[in-house]
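Colleague: Here it is, the structure in full.
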Amino acid sequence: MLKRSRPFALVTVLVAGALAAALTGAATPLPAGQFALTGHWVFNSVLQVVFHIDGATTNIDAHADVNGEAGSQVVQSDTHGYVVGPSVITKFDKATLATQESISPPANELPVFIEVVGGPYLVYRNAGKVVRLSDPPTIVTVGGAVGTPIVTTGGMMWLHRQDVGQLCTIAKDADRVGGCPVGVPAGHSGSMTIVDGKPAFVDTFSGTLHVIDNGKLGEGVPIGVPLSPNARPATTEVGGKLAILDPQKQTLVLADTKNPPEKALAVALPVGDYDGPMSTGDVVVLVDRQSGNVLTYTPDGVRKETKPIKQKGGTPRLSRGEDNRVYVEDADGTQVVVVAKDGNVQDVSTAERPAPPTTQATAPNPNQGTSTDIRVQAPPPGQSQQPQRPRPPTTERPRPPVTPSTPPPVPPGRPGAPPTVTASAGNGSATVNWGTAPNNRADITGYQVSWRSSTGQTGSMTVGAGARRTTVNGLTNGVSYTFTVAATNRMGAGPGASAAPVTPRSPVSPAAAPTNPRATFDVDDRPTRDVTVSWGQPALNGGTLVHYQVTATGLGTRQVTGTSVTYPQVQASSVITFTIRAITRTSDGQTLTGAPATAQHRDSQSNPPSGSRTVTISQGSPSSTDNCHRPNCYWVNTTLSGFAPRTTYSLRLSSEDSTNVVTEQATTDSTGRVQYNQLNYDVIGNRVWVTVLQGSVKSNEIVWRRK
C-alpha cells in the first residue's frame, strides 16, 4: 500500500455545476471514463499554484494553492488532479480544488505520465513499477526495467522488457501483470507504439516494425532507414505514418506502416538536444532542450511551427492529454505551449497569480468542457427578480491605488533532474554524460551516478558539482545496465534522470573467416549438378551475426542466415570459387564485414587441379612462314600434360614485345596430354612463353637465340 499523510488545508472554491445539483437534486455523478479529459493542469513551483488551461481556448479557467516540490508535474483523472514530485504526490479535488491527501511514490525517479481511460498512470521505468492513481492507488510490479509503455483504446497497457525480450500487459483494472504473451529478440533495443489501434513493436536493432495481432508478433515491416539503438518512436501515429526521433543522427524519420511500405522520409533536424517525439494525430511535436524551441512537423516532413520557450533554464516537459493536444511546460511551470491537434501552437503564461474575481467563477467540470460561467445569486423564495433602477451618480472621492506588497522570496528547494543523460558502452565499462541540473536557488554540491544491471546488481558513485561526465569501470560484458544521474544541493537530492540501457562488450572487430568451407556435389551428375556450399560459424569478435554473404564466380551474391547454401544446375565443367564472409553488427549499429573463406567447385575430369597441369616449351628446329623469317625463325615445341582428356585448349604465344604473338588451338589425347609444335618465333634476345587460356596455366620462359 502507498503511504498517506494528512491533507493540506486549502481554500475551497465551489463550482456552478455543484450549486445547480444542490438546487435540483441531480447530484448523481456520471461514470468515470465516459468523457475525454479536457484541458491540462500545470504546477507553478515558484508560486506553489496549480492552474487549469482550457486546451480549446488556451484560457486559464481555474487555479488553487497546492504545496509541491520543484520539478513537479500534474496528471489528472476524471475527478482528481495529482501533483507528482520526486518524493511526494499530492491529490486534489478538481471540483472543489481542495487538497485531499499526500502519497509517497514507489521510486526516486521521474515517471512517465499517461492520461487514459482507466488511469491516470505513473510508470517508473527503471524500478519496473506502475502506479494507477485510482482510489485507493494501486502499484503493479512488472519484475524489471521497462521501456516507455503504450495504452490501447480498450485500456490495455503494453510494456517492453528488453532484458528478457518480452512484451507484457496490464489490464485496465488489474492489480498485477496479466502476462508477457509476446516474445521479441532478447537484448534488441526497441519501443512500443500504436498502429491502426493495435499495439506494435519497433525493433531499432533490425530496423523493423511488428504489429501485434491476436497475441502474436507480426511480420517485420522494414522501416527503410537504419536506426540508432536509442531511436524512439511516438506512441501514436501521425497521419498514418510512424514518427521516430533518432537523436544520434539528428533526424526525424517518418515511416510508412503498410506492408509493403512506401519509402520512408528522413528529415534532418537543426543541431540540438531533442525530447519527443509526440503526436497529436496530425503533427509531430519535438522540443529542442538546447535552444528552447518547440517544433512541429507535418506527416510529409515539413516544419510547420517553431515556438520558443522563454525560460531557457531547466528541462521542458512534454505531455499528451486525452484531448489529443500536446502541452509543453517549462521547468518551473511558468509557461505552457499548447499544440492543438491540427498543429496550431499557442503560448500561455502562468507566471503570475490571477487576481481574485469580483464574482465567483466556476472551476472546470471534469465531465464537460471547461467554462467561465459567473455564479449569480438566486432571489429569496416567493420574490420575483425585478430589474433594479439606476442609481444616481455619487460624489464619493476616488480611492487611491493600492500598492501591491512585494511577495516573500521563494525558498530554495532540491535540484531538478539533470537534462540529456546519455550512456555509451565500452569494454567492461560505460561512460555517462549529463547536462547541468536546475539548482532551484541552492548551489549544486555534486552528482550521484547510480546503475542497475539486467541481472539485478546495483552500484553508485558521487562526483563533483562541476562534473558532466564520468566513466564507470568493472562492469560485466554482455549485461545491460541502466544509469541514473541525480543532483544534490544543501536541501537534498533531486529527482534522477536515466539514460537508455547500454550493454558493455569486448572490443568489436570484424568476424574471423568461417571455418571448414567446402563445396560438395555428385561427381557423376553431368552436364549440370547441384553444388552445396557449407561452413562453420567463425569467431564473431564481439559483434552480433546479421547474415552470411556468399559470392560465387559468375553466379552473383547471396545472403543467408544458416551455414550452408545450394546452387542448382551448375555446369560440371565450370570452375567456381565460392567466397563466404560473416556480416556482423556492433551495439551502436555499425555493420562490419568479416574475413573471407573460400571453397571451390572443380571437376576432376573437365578441370584437373592446377597443381597437376603443366606447360613446357623449348626452342625447336628452324622454321619459315609468312610472319616468321629465316635465319632467326624456329619452332616453339609446346607440351601440355595433366589436362582434361580429349579437350581442346587455346595456346597463346607471348613475348616481351607482344602479349599475343599468335593464339592457336590444340586437343589433348585420352591421357590429357598433347605435343604441339606449330608455333614459331624469330626475334633474337626476347623472352617468350606460352599460356593455356583455360585456367591461365603459364609455361616456362626461354630466351630466343640463333642456333
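By order of appearance in the C-alpha cells: chains A, B, ..., then residues from 1 within every chain, and ligands from 1 in the order shown.
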Excluding A:Ser509 and any residue of its chain fewer than 3 positions from it, enumerate the residues within 10 Å of it, using only C-alpha atoms, and give them as a list in words.
Modeller: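 Near neighbours after the sequence-gap exclusion: Ser506, Ala512, Leu540, Asn541, Gly542, Gly543, Thr584, Arg585, Thr586, Leu592, Thr593 and Gly594 of chain A.
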Colleague: Can I get the selection written as a compact mmCIF listing (two decimals), in the first residue's frame, with all heavy atoms?
Modeller:
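Contents of out_34.txt, as written:
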# COMPACT_ATOMS: atom_id res chain seq x y z
N SER A 506 33.22 -6.54 -25.18
CA SER A 506 34.64 -6.52 -25.52
C SER A 506 34.80 -5.80 -26.85
O SER A 506 33.84 -5.68 -27.62
CB SER A 506 35.17 -7.95 -25.60
OG SER A 506 34.42 -8.70 -26.55
N ALA A 512 36.09 -13.32 -37.81
CA ALA A 512 37.11 -14.13 -38.45
C ALA A 512 36.51 -14.86 -39.65
O ALA A 512 35.29 -14.83 -39.88
CB ALA A 512 37.70 -15.11 -37.45
N LEU A 540 33.02 -14.29 -33.84
CA LEU A 540 32.35 -13.04 -34.23
C LEU A 540 33.03 -11.81 -33.65
O LEU A 540 32.66 -10.68 -33.99
CB LEU A 540 30.88 -13.08 -33.79
CG LEU A 540 30.05 -14.22 -34.40
CD1 LEU A 540 28.62 -14.16 -33.90
CD2 LEU A 540 30.09 -14.18 -35.92
N ASN A 541 33.99 -11.99 -32.77
CA ASN A 541 34.83 -10.90 -32.24
C ASN A 541 34.02 -9.75 -31.65
O ASN A 541 34.30 -8.58 -31.89
CB ASN A 541 35.77 -10.38 -33.34
CG ASN A 541 36.76 -11.44 -33.80
OD1 ASN A 541 37.08 -12.35 -33.04
ND2 ASN A 541 37.20 -11.35 -35.04
N GLY A 542 33.00 -10.10 -30.88
CA GLY A 542 32.22 -9.09 -30.17
C GLY A 542 31.01 -8.57 -30.91
O GLY A 542 30.20 -7.86 -30.33
N GLY A 543 30.87 -8.89 -32.19
CA GLY A 543 29.71 -8.43 -32.95
C GLY A 543 28.56 -9.42 -32.86
O GLY A 543 28.70 -10.53 -32.33
N THR A 584 28.48 -8.79 -39.46
CA THR A 584 28.08 -8.58 -38.07
C THR A 584 27.71 -7.13 -37.84
O THR A 584 28.00 -6.26 -38.66
CB THR A 584 29.20 -8.99 -37.10
OG1 THR A 584 30.37 -8.22 -37.40
CG2 THR A 584 29.51 -10.47 -37.23
N ARG A 585 27.07 -6.90 -36.70
CA ARG A 585 26.66 -5.54 -36.32
C ARG A 585 27.13 -5.27 -34.90
O ARG A 585 27.03 -6.12 -34.02
CB ARG A 585 25.15 -5.38 -36.42
CG ARG A 585 24.65 -3.97 -36.05
CD ARG A 585 23.16 -3.83 -36.35
NE ARG A 585 22.91 -3.89 -37.77
CZ ARG A 585 21.73 -4.18 -38.32
NH1 ARG A 585 20.70 -4.46 -37.53
NH2 ARG A 585 21.56 -4.20 -39.61
N THR A 586 27.64 -4.06 -34.69
CA THR A 586 28.07 -3.65 -33.37
C THR A 586 26.88 -3.13 -32.57
O THR A 586 25.80 -2.88 -33.12
CB THR A 586 29.15 -2.57 -33.46
OG1 THR A 586 28.58 -1.39 -34.05
CG2 THR A 586 30.32 -3.03 -34.31
N LEU A 592 29.79 -4.60 -39.92
CA LEU A 592 31.17 -5.00 -40.20
C LEU A 592 31.17 -6.22 -41.11
O LEU A 592 30.36 -7.13 -40.95
CB LEU A 592 31.92 -5.31 -38.91
CG LEU A 592 31.98 -4.20 -37.85
CD1 LEU A 592 32.72 -4.69 -36.62
CD2 LEU A 592 32.65 -2.96 -38.41
N THR A 593 32.13 -6.26 -42.08
CA THR A 593 32.28 -7.39 -42.99
C THR A 593 33.50 -8.19 -42.57
O THR A 593 34.61 -7.66 -42.46
CB THR A 593 32.45 -6.89 -44.44
OG1 THR A 593 31.30 -6.13 -44.80
CG2 THR A 593 32.59 -8.07 -45.39
N GLY A 594 33.30 -9.49 -42.33
CA GLY A 594 34.35 -10.33 -41.79
C GLY A 594 35.32 -10.82 -42.84
O GLY A 594 35.19 -10.56 -44.05
Colleague: Residues of stretch 441-482 of chain A in strand (DSSP E or B) according to DSSP, as a PyMOL selection string?
Modeller: chain A and resi 444-453+458-463+469-472+481-482
Colleague: Determine, counting only C-alpha atoms, which protein, DNA and RNA residues have an atom within 7 Å of an atom of stretch 235-240 of chain A; residues of the same chain fewer than 2 positions away are not included. Present the result as a PyMOL selection string.
Modeller: chain A and resi 150+192-195+233+242-243+279+281-284+299
Colleague: Take the residues from that selection and write them out as a PDB file, in the first residue's frame, keeping N, CA, C and O atoms.
Modeller:
ATOM      1  N   ILE A 150       2.693   1.902 -23.821  1.00  0.00           N
ATOM      2  CA  ILE A 150       1.556   2.436 -24.579  1.00  0.00           C
ATOM      3  C   ILE A 150       0.290   1.835 -23.984  1.00  0.00           C
ATOM      4  O   ILE A 150       0.320   0.770 -23.352  1.00  0.00           O
ATOM      5  N   MET A 192       7.609   0.521 -27.859  1.00  0.00           N
ATOM      6  CA  MET A 192       6.226   0.248 -28.204  1.00  0.00           C
ATOM      7  C   MET A 192       5.595   1.468 -28.865  1.00  0.00           C
ATOM      8  O   MET A 192       5.989   2.612 -28.609  1.00  0.00           O
ATOM      9  N   THR A 193       4.615   1.220 -29.724  1.00  0.00           N
ATOM     10  CA  THR A 193       3.816   2.276 -30.326  1.00  0.00           C
ATOM     11  C   THR A 193       2.456   1.682 -30.679  1.00  0.00           C
ATOM     12  O   THR A 193       2.202   0.502 -30.424  1.00  0.00           O
ATOM     13  N   ILE A 194       1.562   2.501 -31.227  1.00  0.00           N
ATOM     14  CA  ILE A 194       0.236   2.043 -31.636  1.00  0.00           C
ATOM     15  C   ILE A 194       0.063   2.322 -33.121  1.00  0.00           C
ATOM     16  O   ILE A 194       0.282   3.451 -33.579  1.00  0.00           O
ATOM     17  N   VAL A 195      -0.318   1.294 -33.879  1.00  0.00           N
ATOM     18  CA  VAL A 195      -0.527   1.403 -35.320  1.00  0.00           C
ATOM     19  C   VAL A 195      -1.921   0.878 -35.631  1.00  0.00           C
ATOM     20  O   VAL A 195      -2.236  -0.272 -35.296  1.00  0.00           O
ATOM     21  N   PRO A 233      10.249   6.034 -31.062  1.00  0.00           N
ATOM     22  CA  PRO A 233       9.070   6.421 -31.839  1.00  0.00           C
ATOM     23  C   PRO A 233       8.056   7.157 -30.984  1.00  0.00           C
ATOM     24  O   PRO A 233       8.057   7.046 -29.747  1.00  0.00           O
ATOM     25  N   LEU A 242       4.564   6.538 -38.957  1.00  0.00           N
ATOM     26  CA  LEU A 242       5.220   6.373 -37.669  1.00  0.00           C
ATOM     27  C   LEU A 242       6.368   7.369 -37.581  1.00  0.00           C
ATOM     28  O   LEU A 242       7.261   7.371 -38.431  1.00  0.00           O
ATOM     29  N   ALA A 243       6.317   8.232 -36.567  1.00  0.00           N
ATOM     30  CA  ALA A 243       7.362   9.237 -36.367  1.00  0.00           C
ATOM     31  C   ALA A 243       8.396   8.686 -35.399  1.00  0.00           C
ATOM     32  O   ALA A 243       8.059   8.249 -34.302  1.00  0.00           O
ATOM     33  N   SER A 279       2.869  12.871 -30.844  1.00  0.00           N
ATOM     34  CA  SER A 279       1.958  13.101 -31.955  1.00  0.00           C
ATOM     35  C   SER A 279       0.603  13.589 -31.460  1.00  0.00           C
ATOM     36  O   SER A 279       0.076  13.072 -30.469  1.00  0.00           O
ATOM     37  N   GLY A 281      -1.761  13.471 -33.753  1.00  0.00           N
ATOM     38  CA  GLY A 281      -2.561  12.806 -34.770  1.00  0.00           C
ATOM     39  C   GLY A 281      -2.353  13.428 -36.128  1.00  0.00           C
ATOM     40  O   GLY A 281      -2.392  12.743 -37.147  1.00  0.00           O
ATOM     41  N   ASP A 282      -2.117  14.758 -36.150  1.00  0.00           N
ATOM     42  CA  ASP A 282      -1.906  15.463 -37.415  1.00  0.00           C
ATOM     43  C   ASP A 282      -0.504  16.032 -37.542  1.00  0.00           C
ATOM     44  O   ASP A 282      -0.034  16.276 -38.658  1.00  0.00           O
ATOM     45  N   VAL A 283       0.184  16.271 -36.435  1.00  0.00           N
ATOM     46  CA  VAL A 283       1.548  16.795 -36.482  1.00  0.00           C
ATOM     47  C   VAL A 283       2.405  16.074 -35.442  1.00  0.00           C
ATOM     48  O   VAL A 283       1.894  15.479 -34.501  1.00  0.00           O
ATOM     49  N   VAL A 284       3.718  16.156 -35.644  1.00  0.00           N
ATOM     50  CA  VAL A 284       4.693  15.632 -34.692  1.00  0.00           C
ATOM     51  C   VAL A 284       5.274  16.809 -33.915  1.00  0.00           C
ATOM     52  O   VAL A 284       5.583  17.853 -34.494  1.00  0.00           O
ATOM     53  N   PRO A 299       3.091  15.195 -41.460  1.00  0.00           N
ATOM     54  CA  PRO A 299       3.467  13.828 -41.840  1.00  0.00           C
ATOM     55  C   PRO A 299       4.348  13.770 -43.080  1.00  0.00           C
ATOM     56  O   PRO A 299       4.981  12.744 -43.332  1.00  0.00           O
TER      57      PRO A 299
END
Colleague: List as JSON, numbers by chain the protein and nucleic acid residues near A:Val703, meaning an atom at most 8 Å away when only C-alpha atoms are counted, but skip any in the same chain fewer than 2 places from it.
Modeller: {"A": [684, 685, 686, 687, 688, 701, 705]}
Colleague: Store the residues picked out above, limited to N, CA, C and O atoms, as a PDB file, in the first residue's frame.
Modeller:
ATOM      1  N   ILE A 684      65.520 -12.426 -81.936  1.00  0.00           N
ATOM      2  CA  ILE A 684      66.625 -12.891 -81.106  1.00  0.00           C
ATOM      3  C   ILE A 684      66.737 -12.013 -79.855  1.00  0.00           C
ATOM      4  O   ILE A 684      66.621 -10.790 -79.913  1.00  0.00           O
ATOM      5  N   GLY A 685      66.957 -12.664 -78.693  1.00  0.00           N
ATOM      6  CA  GLY A 685      67.163 -11.947 -77.429  1.00  0.00           C
ATOM      7  C   GLY A 685      65.900 -11.719 -76.610  1.00  0.00           C
ATOM      8  O   GLY A 685      65.997 -11.321 -75.434  1.00  0.00           O
ATOM      9  N   ASN A 686      64.743 -11.923 -77.194  1.00  0.00           N
ATOM     10  CA  ASN A 686      63.498 -11.732 -76.436  1.00  0.00           C
ATOM     11  C   ASN A 686      63.138 -12.983 -75.632  1.00  0.00           C
ATOM     12  O   ASN A 686      63.429 -14.103 -76.038  1.00  0.00           O
ATOM     13  N   ARG A 687      62.469 -12.734 -74.472  1.00  0.00           N
ATOM     14  CA  ARG A 687      61.902 -13.833 -73.703  1.00  0.00           C
ATOM     15  C   ARG A 687      60.547 -14.206 -74.290  1.00  0.00           C
ATOM     16  O   ARG A 687      59.754 -13.333 -74.638  1.00  0.00           O
ATOM     17  N   VAL A 688      60.231 -15.476 -74.354  1.00  0.00           N
ATOM     18  CA  VAL A 688      58.945 -15.950 -74.873  1.00  0.00           C
ATOM     19  C   VAL A 688      58.380 -16.990 -73.913  1.00  0.00           C
ATOM     20  O   VAL A 688      59.121 -17.641 -73.168  1.00  0.00           O
ATOM     21  N   GLU A 701      59.614 -19.749 -69.227  1.00  0.00           N
ATOM     22  CA  GLU A 701      60.078 -18.721 -70.163  1.00  0.00           C
ATOM     23  C   GLU A 701      61.462 -19.105 -70.699  1.00  0.00           C
ATOM     24  O   GLU A 701      62.313 -19.611 -69.945  1.00  0.00           O
ATOM     25  N   ARG A 705      67.274 -17.556 -79.185  1.00  0.00           N
ATOM     26  CA  ARG A 705      68.666 -17.497 -79.640  1.00  0.00           C
ATOM     27  C   ARG A 705      68.794 -18.034 -81.074  1.00  0.00           C
ATOM     28  O   ARG A 705      67.953 -18.803 -81.526  1.00  0.00           O
TER      29      ARG A 705
END
Colleague: Distance atom CA of A:Asp332-atom CA of A:Ile244, one decimal place?
Modeller: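 Spanning atom CA of A:Asp332 to atom CA of A:Ile244 is a straight-line distance of 28.0 Å.
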Colleague: When you look at stretch 152-156 of chain A with a cut-off of 12 Å (counting only C-alpha atoms), what residues show up, excluding the ones that are within fewer than 5 positions of it in the same chain? I need them as a ChimeraX atom specification.
Modeller: /A:33,36,114-121,132,168-174,177-179,192-200,212,235-236,322
Colleague: Give the answer as one residue: which of A:Gly435, A:Gly147, A:Pro260, A:Gly556 has the shortest atom-to-atom distance to A:Ala500, using only C-alpha atoms?
Modeller: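 Answer, going by the shortest atom-to-atom distance: A:Gly147.
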Colleague: Mind giving me the straight-line distance from atom CA of A:Ala499 to atom CA of A:Val146 in Å, one decimal?
Modeller: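 Going from atom CA of A:Ala499 over to atom CA of A:Val146 covers 12.5 Å.
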Colleague: Quick one: distance from atom CA of A:Thr420 to atom CA of A:Trp434 in Å, one decimal?
Modeller: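 Taking atom CA of A:Thr420 as the start and atom CA of A:Trp434 as the end point, the length is 5.3 Å.
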Colleague: Calculated over only C-alpha atoms, which of the candidates A:Ala519, A:Val42, A:Ala417, A:Val697 has the smallest distance to A:Ala493?
Modeller: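 Selected residue with least distance to A:Ala493: A:Ala417.
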Colleague: Restricting the calculation to only C-alpha atoms: of A:Val421, A:Leu265, A:Ala511, A:Val565, which residue gets closest to A:Val546?
Modeller: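 Among the listed residues, A:Ala511 lies closest to A:Val546.
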Colleague: Could you pull the residues within 6 Å of stretch 203-211 of chain A, counting only C-alpha atoms, minus those fewer than 2 positions along the same chain, as number ranges by chain?
Modeller: A: 188-190, 200-201, 218-223, 227, 229
Colleague: Quick one: write out the picked residues with C-alpha atoms as an mmCIF file, in the first residue's frame?
Modeller:
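Contents of selection.cif, freshly written:
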data_model
loop_
_atom_site.group_PDB
_atom_site.id
_atom_site.type_symbol
_atom_site.label_atom_id
_atom_site.label_comp_id
_atom_site.auth_asym_id
_atom_site.auth_seq_id
_atom_site.Cartn_x
_atom_site.Cartn_y
_atom_site.Cartn_z
ATOM 1 C CA HIS A 188 17.275 -5.946 -29.079
ATOM 2 C CA SER A 189 16.674 -2.265 -28.466
ATOM 3 C CA GLY A 190 13.156 -1.147 -29.304
ATOM 4 C CA ALA A 200 3.206 -2.579 -32.225
ATOM 5 C CA PHE A 201 6.916 -3.040 -31.507
ATOM 6 C CA GLY A 218 3.545 -9.877 -36.740
ATOM 7 C CA GLU A 219 5.932 -9.992 -39.669
ATOM 8 C CA GLY A 220 8.524 -7.229 -39.618
ATOM 9 C CA VAL A 221 7.883 -4.294 -41.938
ATOM 10 C CA PRO A 222 11.163 -2.574 -42.859
ATOM 11 C CA ILE A 223 11.409 0.987 -41.587
ATOM 12 C CA LEU A 227 18.147 3.411 -36.818
ATOM 13 C CA PRO A 229 19.773 1.921 -30.720
#
Colleague: I'd like the neighbourhood of A:Val112 as a list of chain:residue names, where a residue qualifies if any of its atoms comes within 10 Å (using only C-alpha atoms), though same-chain residues fewer than 5 positions away should be ignored.
Modeller: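 Everything that qualifies: A:Tyr121, A:Leu122, A:Val123, A:Tyr124, A:Arg125, A:Val130, A:Gly147, A:Thr148, A:Pro149, A:Ser319.
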Colleague: So that I have them on file, write out the residues from the current selection with C-alpha atoms, as a PDB file, in the first residue's frame.
Modeller:
ATOM      1  CA  TYR A 121      -0.768   6.070 -14.662  1.00  0.00           C
ATOM      2  CA  LEU A 122       2.722   6.840 -13.431  1.00  0.00           C
ATOM      3  CA  VAL A 123       5.288   4.454 -14.896  1.00  0.00           C
ATOM      4  CA  TYR A 124       8.617   4.259 -13.071  1.00  0.00           C
ATOM      5  CA  ARG A 125      10.618   2.599 -15.851  1.00  0.00           C
ATOM      6  CA  VAL A 130       3.376   1.127 -12.478  1.00  0.00           C
ATOM      7  CA  GLY A 147      10.590   0.976 -21.822  1.00  0.00           C
ATOM      8  CA  THR A 148       8.044   3.714 -22.472  1.00  0.00           C
ATOM      9  CA  PRO A 149       4.622   1.992 -22.389  1.00  0.00           C
ATOM     10  CA  SER A 319       2.596  15.794 -22.052  1.00  0.00           C
TER      11      SER A 319
END
